[in-house]
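Novice: Quick one: the structure is below, and I'll ask about it shortly.
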There are 2 protein chains.
Amino acid sequence: MILDKVYRPGDRLPSVRDLSRQSGVSITTVLDAYRLLEDSGLIHPRPQSGYYVHAYANSKPAEPMRSTPATSPASFTRDEMLQSMTHEIDRPGLIELAFANPNPDLLPLAKLARLISTVAKEHPEASYGYGPPSGHRAIREQIAQRSFSAGAVISPDEVVITMGCQEAMCLALRAVCKPGGVVAVESPCHYGVLQAIHLAGLRSLEIVTRTREGICLIALEEALADQEKQGAPVEACMVSPNFQNPLGSCMSDDDKRQLIAIALKHNVVLIEDDVYGDLGFEGNRPRVLRAFEGGEETLVCSSFSKTIAPGYRVGWVVAGKWHSHIERLKHSFTISAPSLPQLVIAELLTNGGYDQYLRRARKAYCSNVGRMSEAIARYFPPETRVTRPSGGYMLWVQLPEHVDSVELYARALAQNIFISPGLLFSAGEGYRNFIRLTAGRWSPEIEAAIARLGRMVQQMS
Amino acid sequence: MILDKVYRPGDRLPSVRDLSRQSGVSITTVLDAYRLLEDSGLIHPRPQSGYYVHAYANSKPAEPMRSTPATSPASFTRDEMLQSMTHEIDRPGLIELAFANPNPDLLPLAKLARLISTVAKEHPEASYGYGPPSGHRAIREQIAQRSFSAGAVISPDEVVITMGCQEAMCLALRAVCKPGGVVAVESPCHYGVLQAIHLAGLRSLEIVTRTREGICLIALEEALADQEKQGAPVEACMVSPNFQNPLGSCMSDDDKRQLIAIALKHNVVLIEDDVYGDLGFEGNRPRVLRAFEGGEETLVCSSFSKTIAPGYRVGWVVAGKWHSHIERLKHSFTISAPSLPQLVIAELLTNGGYDQYLRRARKAYCSNVGRMSEAIARYFPPETRVTRPSGGYMLWVQLPEHVDSVELYARALAQNIFISPGLLFSAGEGYRNFIRLTAGRWSPEIEAAIARLGRMVQQMS
């Protein structure tokens with residue numbers, strides 16, 4: 001039934017007890033059957049919940065190969081393209097698959113609207129004061145508590161609240177690196193990271209990254225040694241070990257340990273972007289680098305933009321020995337973050353059933369990402385390759401070699417379909433035949449858009 | 001009665017008609033009498049409202065002389081002192097006279113709390129979307145409309161919404177200047193300006209500034225010529241022509257015209273900080289530099305932090321030919337500003353009786369600043385000099401020469417009185433015997449604090 005698509009990605013299978021009763025076989029036999037399905041990658045168990053169809057059970061387009069980026073540092077030059085894209089988002093009827101917006105149906109919006117009224121009445125000081133530069137204690141406490149699930153022990157005093165993860169990254173880079181320095185990044189890499197590096201007067205050095213397992217540690221170590229030899233040692237490495245954007249890759253604990261060891265050996269500061277860390281499809285919440293031995297020297301940047309409300313712009317950075325410096329930088333940049341969004345999110349985290357929302361979101365993203373992947377397999381040329389993310393809600397799509405994704409972007413936009421061309425994800429010239437699709441929502445309308453995109457790619461290849 | 005302090009700063013005098021009836025003299029005679037009082041600086045008229053006691057009618061401590069800053073560019077070095085100050089603001093019972101917070105009683109807080117509930121319900125997209133990088137159209141339209149009262153014709157498309165005026169200044173400096181460049185500023189100068197200049201990798205060149213009339217144009221032109229000769233021409237001049245912080249000075253229209261001419265002649269970009277422009281005590285709203293011929297080449301930065309809600313962090317920059325560059329920088333820094341505060345303020349400006357609030361605030365600030373000035377004259381040593389601002393809510397106080405305001409700061413803080421030491425307002429070593437007091441509120445408790453401060457200064461001098 002899974003292969004016949006009666007059961008679709010993310011669907012829940014009958015409970016073991018029900019299936020045993022319906023089919024008249026023992027519970028042990030059902031469990032054996034489910035284990036067989038699990039071994040063949042068709043289903044996966046969720047603790048206390050049952051068995052679910054795997055995101056990619058039915059669709060197996062090949063995955064992109066590990067990346068082969070340029071080996072010298074470069075500066076991001078796609079600012080103007082990004083700017084022109086931001087001017088399109090208000091188009092009526094636009095099918096938005098370009099920016100990393102979460103699925104609004106999976107956000108606690110009604111709850112937020114109710115909380116705002118209460119908090120605004122109870123906390124007039126949220127309006128009339130600038131608020132502490134590091135952010136309100138209530139939300140810093142919640143962030144510290146929640147970081148425990150990511151394996152890290154953090155004190156509220158170590159948290160600096162920022163304008164989303166973007167300001168967090170800008171401040172972290174600014175505190176850690178000297179102007180003109182080199183920062184190693186994954187390739188492909190979220191353009192926000194490349195923008196932040198460029199803005200801080202630094203250059204990006206892109207490192208080979210494996211489609212599922214994250215940054216290639218051998219390539220990283222070679223690049224670090226190479227830069228040392230050239231007298232331009234890498235100062236920081238900005239990584240997203242948990243569900244990287246755009247790949248959706250996730251590093252193993254062993255690789256995380258090894259990454260920390262390499263960084264310590266080469267005197268490179270690790271800056272972690274953990275913004276998708278809460279959105280894994282299966283299993284436990286992956287750990288942040290700070291959870292490992294030697295990890296207390298790493299910085300972690302994150303935000304609630306992917307899980308609660310991007311429009312609230314509440315992010316944070318935990319920066320260890322750079323904390324005080326970052327607090328001063330924050331004051332110089334933007335004084336303090338708006339108070340009300342912080343207090344509302346703190347309230348939601350304390351009493352708002354946030355974990356329930358999160359569980360629902362993780363299931364839905366798993367299902368929607370799987371469906372979009374399936375649709376790409378159906379409508380795009382057979383040479384197309386698609387990632388199989390294990391969290392987040394992005395798909396990174398490799399088109400046939402001669403398809404120019406900038407042209408595809410323009411053609412799609414003319415039909416009100418909004419996608420991100422691949423070259424936004426590199427400081428160099430790479431990824432011209434790639435696109436990134438935001439796969440957080442799924443609907444007949446989106447399926448039709450994928451079908452139309454597929455026809456355009458067919459015509460162009 | 002004014003001299004006997006029966007009528008106090010900001011009090012309204014009897015109407016001309018009433019006084020004529022009560023005293024049995026003709027209306028012409030009363031008008032003549034009021035004109036005499038006006039000429040002697042005791043009262044001032046407010047259109048459609050009557051005559052009011054002048055802020056400084058009763059208190060005439062001498063004013064500080066024009067400043068004599070260092071003549072070479074310098075970098076701001078008081079970041080750590082500021083940081084330690086921001087850690088004090090949550091002290092229970094603190095009498096806060098240090099930071100430039102508006103008087104909460106003069107902000108439309110109850111109205112804001114009501115508007116938030118409505119806007120949050122009606123605009124779920126304010127939570128789930130990032131919002132346009134330049135800000136929501138509704139608020140950009142209101143800013144464009146209101147800038148008309150400051151004499152400037154601005155299109156909503158020229159406005160970029162920022163995290164308060166601080167981010168606006170950071171973006172403006174970044175767009176206009178090359179790293180290592182020199183920026184001319186008033187002296188004394190708000191530390192936020194000095195921080196922004198430092199953060200952008202630039203140096204501040206402080207210019208002699210007149211206590212009431214603003215930056216000294218002769219000194220400015222000399223400094224510009226001097227820097228040209230030295231091969232390090234000034235790239236930008238950051239000024240606050242309307243109610244400068246901390247002086248409260250206001251430039252005349254003629255001086256503004258001349259400033260623009262000097263800037264054009266020396267190829268210097270003018271960046272205007274207009275954050276107090278709406279808070280003049282008397283007369284019409286002073287014009288921004290953009291209102292004058294040649295002013296279209298200037299940038300203007302401002303915010304609603306002094307008039308509506310600092311905690312909302314809504315500011316903006318109008319940047320002319322730098323607009324597009326600034327929009328890109330904004331995206332790299334913080335992506336976009338939080339949506340909800342923008343929409344709430346837009347609603348308040350459209351239908352919320354904002355101008356009425358503003359009129360009330362202007363009167364109250366005039367009165368409170370006058371009362372604090374009077375109290376300083378009463379409780380501080382007679383050599384003390386105090387500015388007579390014509391807008392805003394700051395007093396810049398020159399203490400007897402040997403009083404160290406850093407020590408005064410520490411002694412005052414030990415008694416829960418929070419003030420700003422003068423050396424925060426210079427990149428050099430100046431203003432050690434100055435303090436800035438926030439004079440927006442007035443109460444017996446604040447009067448007692450001023451009395452205690454006065455005693456400390458007496459002991460230290």
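Following the order of the structure tokens, chains are lettered A, B, ..., residues in each are numbered from 1, and ligands are numbered from 1.
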Applying 6 Å and only C-alpha atoms, which residues near Val160 in chain B remain after dropping the ones on its own chain fewer than 6 positions away? List them as JSON, numbers by chain.
Specialist: {"B": [134, 316, 317]}
Novice: Write out as a PyMOL selection string each polymer residue whose atoms come within 7 Å of Val288 in chain A, counting only C-alpha atoms; drop sequence neighbours fewer than 6 positions from it.
Specialist: chain A and resi 150-152
Novice: Write out the residues from the selection above, keeping N, CA, C and O atoms, as a compact mmCIF listing (two decimals), in the first residue's frame.
Specialist:
```
# COMPACT_ATOMS: atom_id res chain seq x y z
N ALA A 150 19.01 20.20 23.61
CA ALA A 150 20.05 20.12 22.57
C ALA A 150 21.39 19.74 23.21
O ALA A 150 22.44 19.88 22.59
N GLY A 151 21.33 19.31 24.47
CA GLY A 151 22.51 18.76 25.12
C GLY A 151 23.43 19.78 25.77
O GLY A 151 24.46 19.43 26.31
N ALA A 152 23.06 21.05 25.75
CA ALA A 152 23.96 22.08 26.26
C ALA A 152 23.45 22.64 27.58
O ALA A 152 22.25 22.83 27.75
```
Novice: Return as a PyMOL selection string the full set of residues in range 59-222 of chain A whose backbone-based DSSP assignment is alpha helix (DSSP H).
Specialist: chain A and resi 79-86+109-122+125-128+137-147+164-176+191-199+217-222
Novice: Could you dump the residues just selected with C-alpha atoms as a tab-separated table (two decimals), in the first residue's frame?
Specialist:
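Produced file again20.tsv, reproduced below:
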```
chain	number	residue	atom	x	y	z
A	79	ASP	CA	23.07	41.16	-2.97
A	80	GLU	CA	21.32	42.91	-5.83
A	81	MET	CA	19.66	39.75	-7.05
A	82	LEU	CA	18.39	39.04	-3.54
A	83	GLN	CA	17.17	42.61	-3.24
A	84	SER	CA	15.19	42.37	-6.46
A	85	MET	CA	13.69	39.11	-5.17
A	86	THR	CA	12.54	40.73	-1.91
A	109	LEU	CA	-0.62	32.25	15.46
A	110	ALA	CA	-3.99	32.34	17.21
A	111	LYS	CA	-2.31	31.68	20.52
A	112	LEU	CA	0.24	34.43	19.84
A	113	ALA	CA	-2.54	36.91	19.05
A	114	ARG	CA	-4.22	36.13	22.38
A	115	LEU	CA	-0.97	36.31	24.32
A	116	ILE	CA	-0.08	39.68	22.80
A	117	SER	CA	-3.23	41.31	24.17
A	118	THR	CA	-2.51	40.03	27.65
A	119	VAL	CA	1.18	40.81	27.65
A	120	ALA	CA	0.68	44.30	26.20
A	121	LYS	CA	-1.76	45.12	29.01
A	122	GLU	CA	0.28	43.55	31.79
A	125	GLU	CA	7.15	48.80	30.38
A	126	ALA	CA	7.56	46.68	27.24
A	127	SER	CA	6.53	49.80	25.33
A	128	TYR	CA	8.05	52.65	27.30
A	137	ARG	CA	15.34	37.70	31.46
A	138	ALA	CA	12.09	35.76	30.97
A	139	ILE	CA	13.01	34.72	27.44
A	140	ARG	CA	16.69	34.17	28.21
A	141	GLU	CA	15.61	31.73	30.93
A	142	GLN	CA	13.41	29.82	28.50
A	143	ILE	CA	16.20	29.62	25.93
A	144	ALA	CA	18.59	28.34	28.58
A	145	GLN	CA	16.07	25.72	29.70
A	146	ARG	CA	15.32	24.55	26.18
A	147	SER	CA	18.98	24.33	25.19
A	164	GLY	CA	16.68	37.00	14.46
A	165	CYS	CA	19.56	34.67	13.71
A	166	GLN	CA	20.86	37.10	11.08
A	167	GLU	CA	21.91	39.76	13.59
A	168	ALA	CA	23.24	36.98	15.84
A	169	MET	CA	25.56	35.81	13.05
A	170	CYS	CA	26.62	39.38	12.19
A	171	LEU	CA	27.54	40.08	15.81
A	172	ALA	CA	29.32	36.75	16.25
A	173	LEU	CA	31.47	37.25	13.14
A	174	ARG	CA	32.23	40.79	14.13
A	175	ALA	CA	33.32	39.75	17.63
A	176	VAL	CA	35.45	36.79	16.53
A	191	TYR	CA	22.95	33.23	1.46
A	192	GLY	CA	22.27	34.88	4.85
A	193	VAL	CA	25.55	33.44	6.09
A	194	LEU	CA	27.39	34.70	3.01
A	195	GLN	CA	25.80	38.15	3.42
A	196	ALA	CA	26.82	38.33	7.09
A	197	ILE	CA	30.40	37.36	6.23
A	198	HIS	CA	30.56	39.95	3.47
A	199	LEU	CA	29.08	42.65	5.70
A	217	LEU	CA	35.97	17.04	7.57
A	218	ILE	CA	38.85	15.88	5.38
A	219	ALA	CA	38.24	18.73	2.95
A	220	LEU	CA	37.91	21.16	5.84
A	221	GLU	CA	41.18	20.14	7.41
A	222	GLU	CA	42.98	20.34	4.06
```
Novice: State, in Å with one decimal place, the distance from CA of Ile95 in chain B to CA of Pro61 in chain B.
Specialist: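 Value for the CA of Ile95 in chain B-CA of Pro61 in chain B distance: 23.7 Å.
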Novice: Please list as a PyMOL selection string every residue within 9 Å of Ser461 in chain B, counting only C-alpha atoms and excluding residues in the same chain fewer than 6 positions away.
Specialist: chain B and resi 381+399-403
